[in-house]
Structure formats: C-alpha cells, structure tokens
Amino acid sequence: MKLMRRQRHDTEPWSAFDELNRLRDEIDRVFQSSFGDMTPSMGFLEGWSPAVDLFEDRDKFTVKAELPGMKKEEIEVSLHGNTLTVSGERKRQQEHREGENYRSERYFGRFQRNIQLPQAVETGKVHASYRDGILSIELPKTEEAKRKQIEVKTS
Amino acid sequence: MTTATQPQQRQMGDATRRHSVMPSVNITASHDEYVLEVEMPGVNKEGLEISVEGNELTIIGRRQPDSVQGEVMYRETSDADYRRVFELSSDIETGKIRAEMQQGILKLHLPKAERVKPRKINIAD
C-alpha cells in the first residue's frame, strides 16, 4: 500500500502545507490494523483499481464501487455471463497541468474491475446509478437462481 | 430513516479521531491561489466539516449512511470518516477560502494573501 501511493513531488520542499506527520502516522496505524487486508489490488504500472463492495439479499446482488470525481458518461458497466465488469477512464482536468504541483496522490487514467457474481442475474434488469462519487449497481437474480437458493435452504 | 441502521460510533464525537481514514489529495498552486482536491467518495455537502483554527486546516468528511440492504459478501471500502489536517502558510487569506463538493471530490480554493484570519468556512453549492 505504502509503496504504491505515488508522491511525485515529495522531494520538493512544500512551504504552504506542511503535513502534520504525527497525525499521518496515527492514521496509517489505524489503516494497517483495520484495513490492511482489505486493500484492493492496484494496477501499479497501468491504471488504477477502485475499491468495490458486493452485497447479497434474497432477490438481488448490489455492487458498489468508489469512483470519485468522474462523469457518468466515463463509466462503463457490462455483464458477460456472471462476470460484471466496471471500467472507464478518469481524466485529469486541464488546470492540473498548469501551475505547480505540491501533492499528487489521486489516480487518473484507465481502470477496470471484474466482479464474479455467485449466481445468475437478469441481464436486462441491471440498474446502475452514480452519486457522491459512488457507483451502485443492482443486479436482480434470475428466477432460476432464486428457486435453486430456496431448494438449498429447505433440503 | 436510514440513520437508525448506522453503527453507534458515528454518533460519538471522539470516535471521529479513532475511526478515520486519510483521504487522497492533490494540491496545485497558481500565482493567486492554492487548490486542494480531496477524494471523499460517499460524502456529500451535508457530511463535510471544514475548519481553520490558527494555521491548521481540518477537513472531515462523514459518509452518507449506507442504504444497501443485504449481507456483505465482499468488502473493500471503509465506512470510517475521512479526516486530514493541513498546516497553512501565512500567505493564505483564510477568510476567502471557497469550497465545492462534486461526486465525492472536495475542491478547496485558497487565495494567496498577506494576512491570515482564523475563521469557519462556509460551503458553497
């Protein structure tokens, strides 16, 4: 995690915002103890990889992906069999190329995540929305998948 | 409403410190301002708390309550609050800091000036 966090300008003295190292250490510790194992695999050399969650209830699966700072049109969602693919490209805004850069921790460029769903879903009824930088996808299970589920529970 | 399903720690003030994660930030500067972009997916305007005390800028982002129903099968995201503190240089006009929030990105404009005045910042639409 630490190795992958890019700080392209960390050798430059930064007069305006001198980060409070004490606080950073404290937070890093919290990160490692609680979330160390949950860190998503980052595409280190090419692109980046958003964090995703998968939820299941009786009728559907819900996938959430953290994609802050995008436009709805820049996100692609597709389904091949039971594999859900979320991909797209986060573009750097023009103003970032001008002026001085003091810190560059955000990732830009292409990303892709494949999420394997445990059961078949209704391809035509998948619904996606994007709000507060979070993509939410609802995937209703097929009638067959629901029936199988009940059979397993009652046997 | 959905708040009833939230873990209790959200209600406790001090818990913010213990259950917080550090958001990623980009900082750029032009001749007249610094611009901070802070990544806080899941946070909207209502969940933001930005304050300046002395020369410390504190940014706290509380995520919107999770409305998803069902069992967690796989989880990579955290529901902890975002928190990050910056030390401001004296050339920032703290009274004129402008904030905007869009799709999980907080954008702060910090105009360069001669003097520093401590002040609470209002968040614009």
# chains A, B, ... in the order shown; residues from 1 in each chain; ligands from 1

call {"tool": "closest_atom_pairs", "arguments": {"of": "chain A", "to": "chain B", "cutoff": "6 Å", "atoms": "only C-alpha atoms", "output": "tab-separated table"}}
result
residue	atom	partner	partner_atom	distance
A:Ala16	CA	B:Ser89	CA	4.5
A:Phe17	CA	B:Glu87	CA	4.9
A:Asp18	CA	B:Glu87	CA	5.2
A:Glu19	CA	B:Phe86	CA	5.3
A:Met38	CA	B:Glu76	CA	5.2
A:Ala51	CA	B:Glu76	CA	5.4
A:Val52	CA	B:Glu76	CA	5.6
A:Asp53	CA	B:Arg75	CA	4.4
A:Leu54	CA	B:Tyr74	CA	5.0
A:Phe55	CA	B:Val72	CA	4.5
A:Glu56	CA	B:Gly70	CA	5.0
A:Asp57	CA	B:Gly70	CA	4.3
A:Glu66	CA	B:Pro41	CA	5.9
A:Pro68	CA	B:Gly104	CA	4.8
A:Gly69	CA	B:Gln103	CA	5.3
A:Gly99	CA	B:Ser30	CA	4.8
A:Glu100	CA	B:Ala29	CA	5.1
A:Asn101	CA	B:Thr28	CA	4.4
A:Tyr102	CA	B:Ile27	CA	5.2
A:Arg103	CA	B:Ile27	CA	4.9
A:Ser104	CA	B:Asn26	CA	4.6
A:Glu105	CA	B:Ser24	CA	5.4
A:Arg106	CA	B:Ser24	CA	5.8
A:Asp132	CA	B:Gln103	CA	4.1
A:Gly133	CA	B:Gln103	CA	4.0
A:Ile134	CA	B:Pro41	CA	6.0

call {"tool": "residues_around", "arguments": {"residues": "Glu143 (chain A)", "least_positions_apart": "2", "cutoff": "9 Å", "atoms": "only C-alpha atoms", "output": "PyMOL selection string"}}
result
chain A and resi 59+121-122+141+145-148

call {"tool": "write_last_selection", "arguments": {"atoms": "N, CA and C atoms", "output": "compact mmCIF listing (two decimals), in the first residue's frame"}}
result
# COMPACT_ATOMS: atom_id res chain seq x y z
N ASP A 59 -33.25 -11.36 -3.33
CA ASP A 59 -33.63 -11.13 -4.73
C ASP A 59 -32.54 -10.58 -5.64
N VAL A 121 -27.86 -13.60 -12.96
CA VAL A 121 -28.71 -12.42 -12.79
C VAL A 121 -29.45 -12.09 -14.09
N GLU A 122 -30.51 -11.31 -13.94
CA GLU A 122 -31.32 -10.89 -15.09
C GLU A 122 -30.58 -9.78 -15.84
N LYS A 141 -31.54 -11.25 -9.27
CA LYS A 141 -31.25 -12.66 -9.57
C LYS A 141 -32.30 -13.21 -10.53
N ALA A 145 -32.22 -18.90 -10.35
CA ALA A 145 -31.24 -18.76 -9.26
C ALA A 145 -31.95 -18.67 -7.92
N LYS A 146 -33.07 -17.94 -7.90
CA LYS A 146 -33.82 -17.79 -6.66
C LYS A 146 -34.43 -19.13 -6.23
N ARG A 147 -34.91 -19.90 -7.25
CA ARG A 147 -35.53 -21.18 -6.96
C ARG A 147 -34.50 -22.16 -6.38
N LYS A 148 -33.32 -22.14 -6.98
CA LYS A 148 -32.24 -23.02 -6.51
C LYS A 148 -31.87 -22.69 -5.07

call {"tool": "closest_residue", "arguments": {"among": "B:His109, B:Lys96, B:Asp81, B:Gly54", "to": "Ile121 (chain B)", "atoms": "only C-alpha atoms"}}
result
B:Lys96

call {"tool": "select_by_dssp", "arguments": {"residues": "chain B", "states": "strand (DSSP E or B)", "output": "JSON, numbers by chain"}}
result
{"B": [20, 21, 25, 26, 27, 28, 29, 33, 34, 35, 36, 37, 38, 39, 48, 49, 50, 51, 52, 53, 56, 57, 58, 59, 60, 61, 71, 72, 73, 74, 75, 81, 82, 83, 84, 85, 86, 87, 88, 92, 98, 99, 100, 101, 102, 105, 106, 107, 108, 109, 110, 111, 112, 120]}

call {"tool": "write_last_selection", "arguments": {"atoms": "C-alpha atoms", "output": "PDB file, in the first residue's frame"}}
result
ATOM      1  CA  SER B  20     -10.950   7.881  10.412  1.00  0.00           C
ATOM      2  CA  VAL B  21      -9.077   7.323   7.198  1.00  0.00           C
ATOM      3  CA  VAL B  25      -5.297  14.765  -2.015  1.00  0.00           C
ATOM      4  CA  ASN B  26      -3.895  16.690  -4.940  1.00  0.00           C
ATOM      5  CA  ILE B  27      -2.553  20.163  -4.322  1.00  0.00           C
ATOM      6  CA  THR B  28      -1.681  22.618  -7.021  1.00  0.00           C
ATOM      7  CA  ALA B  29      -0.803  26.282  -6.944  1.00  0.00           C
ATOM      8  CA  GLU B  33      -4.302  30.553  -5.232  1.00  0.00           C
ATOM      9  CA  TYR B  34      -3.738  27.045  -3.976  1.00  0.00           C
ATOM     10  CA  VAL B  35      -6.223  24.372  -4.994  1.00  0.00           C
ATOM     11  CA  LEU B  36      -6.815  21.242  -2.937  1.00  0.00           C
ATOM     12  CA  GLU B  37      -8.735  18.296  -4.317  1.00  0.00           C
ATOM     13  CA  VAL B  38      -9.680  15.789  -1.667  1.00  0.00           C
ATOM     14  CA  GLU B  39     -11.145  12.390  -2.574  1.00  0.00           C
ATOM     15  CA  LEU B  48     -18.497  17.945   5.288  1.00  0.00           C
ATOM     16  CA  GLU B  49     -16.835  19.824   8.078  1.00  0.00           C
ATOM     17  CA  ILE B  50     -14.068  22.232   7.185  1.00  0.00           C
ATOM     18  CA  SER B  51     -12.490  24.483   9.738  1.00  0.00           C
ATOM     19  CA  VAL B  52      -9.463  26.679  10.247  1.00  0.00           C
ATOM     20  CA  GLU B  53      -8.000  27.087  13.693  1.00  0.00           C
ATOM     21  CA  GLU B  56      -4.452  24.434  10.854  1.00  0.00           C
ATOM     22  CA  LEU B  57      -6.974  23.474   8.234  1.00  0.00           C
ATOM     23  CA  THR B  58      -9.033  20.465   9.261  1.00  0.00           C
ATOM     24  CA  ILE B  59     -11.176  18.559   6.780  1.00  0.00           C
ATOM     25  CA  ILE B  60     -13.655  15.964   7.997  1.00  0.00           C
ATOM     26  CA  GLY B  61     -15.990  14.032   5.720  1.00  0.00           C
ATOM     27  CA  GLU B  71     -25.417  -9.393   3.523  1.00  0.00           C
ATOM     28  CA  VAL B  72     -21.871  -8.274   2.834  1.00  0.00           C
ATOM     29  CA  MET B  73     -20.185 -10.836   0.611  1.00  0.00           C
ATOM     30  CA  TYR B  74     -17.082  -8.869  -0.135  1.00  0.00           C
ATOM     31  CA  ARG B  75     -15.971  -5.510   1.145  1.00  0.00           C
ATOM     32  CA  ASP B  81     -14.938   9.132   8.390  1.00  0.00           C
ATOM     33  CA  TYR B  82     -12.313  10.902   6.333  1.00  0.00           C
ATOM     34  CA  ARG B  83     -10.038  13.229   8.242  1.00  0.00           C
ATOM     35  CA  ARG B  84      -6.984  15.193   7.273  1.00  0.00           C
ATOM     36  CA  VAL B  85      -5.212  18.196   8.734  1.00  0.00           C
ATOM     37  CA  PHE B  86      -3.005  20.648   6.867  1.00  0.00           C
ATOM     38  CA  GLU B  87      -0.803  23.400   8.130  1.00  0.00           C
ATOM     39  CA  LEU B  88      -1.465  26.586   6.235  1.00  0.00           C
ATOM     40  CA  ILE B  92      -3.323  32.301   2.578  1.00  0.00           C
ATOM     41  CA  ARG B  98     -14.016  28.640  -1.193  1.00  0.00           C
ATOM     42  CA  ALA B  99     -15.232  25.039  -1.132  1.00  0.00           C
ATOM     43  CA  GLU B 100     -17.215  22.964  -3.589  1.00  0.00           C
ATOM     44  CA  MET B 101     -18.225  19.324  -3.476  1.00  0.00           C
ATOM     45  CA  GLN B 102     -18.925  17.250  -6.550  1.00  0.00           C
ATOM     46  CA  ILE B 105     -14.365  15.336  -4.624  1.00  0.00           C
ATOM     47  CA  LEU B 106     -13.958  18.309  -2.325  1.00  0.00           C
ATOM     48  CA  LYS B 107     -12.320  21.189  -4.092  1.00  0.00           C
ATOM     49  CA  LEU B 108     -10.908  23.972  -1.949  1.00  0.00           C
ATOM     50  CA  HIS B 109      -9.667  27.242  -3.358  1.00  0.00           C
ATOM     51  CA  LEU B 110      -7.261  29.018  -1.035  1.00  0.00           C
ATOM     52  CA  PRO B 111      -6.439  32.502  -2.261  1.00  0.00           C
ATOM     53  CA  LYS B 112      -2.984  33.828  -1.572  1.00  0.00           C
ATOM     54  CA  LYS B 120     -15.008  28.922   9.930  1.00  0.00           C
TER      55      LYS B 120
END

call {"tool": "select_by_dssp", "arguments": {"residues": "region 9-114 of chain B", "states": "helix (DSSP H, G or I)", "output": "list in words"}}
result
Gln9, Arg10, Gln11, Ala15, Thr16, Arg17, Arg18, Lys45, Glu46, Gly47, Thr94, Gly95 and Lys96 of chain B

call {"tool": "atom_distance", "arguments": {"atom1": "CA of Gly88 (chain A)", "atom2": "CA of Ser129 (chain A)"}}
result
14.8 Å

call {"tool": "closest_residue", "arguments": {"among": "B:Asp32, B:Asp79, B:Pro65, B:Glu46", "to": "Ala124 (chain B)", "atoms": "only C-alpha atoms"}}
result
B:Glu46

call {"tool": "closest_residue", "arguments": {"among": "A:Thr142, A:Thr123, A:Ser136, A:Gln112", "to": "Arg90 (chain A)", "atoms": "only C-alpha atoms"}}
result
A:Gln112

call {"tool": "atom_distance", "arguments": {"atom1": "CA of Val152 (chain A)", "atom2": "CA of Lys125 (chain A)"}}
result
24.6 Å
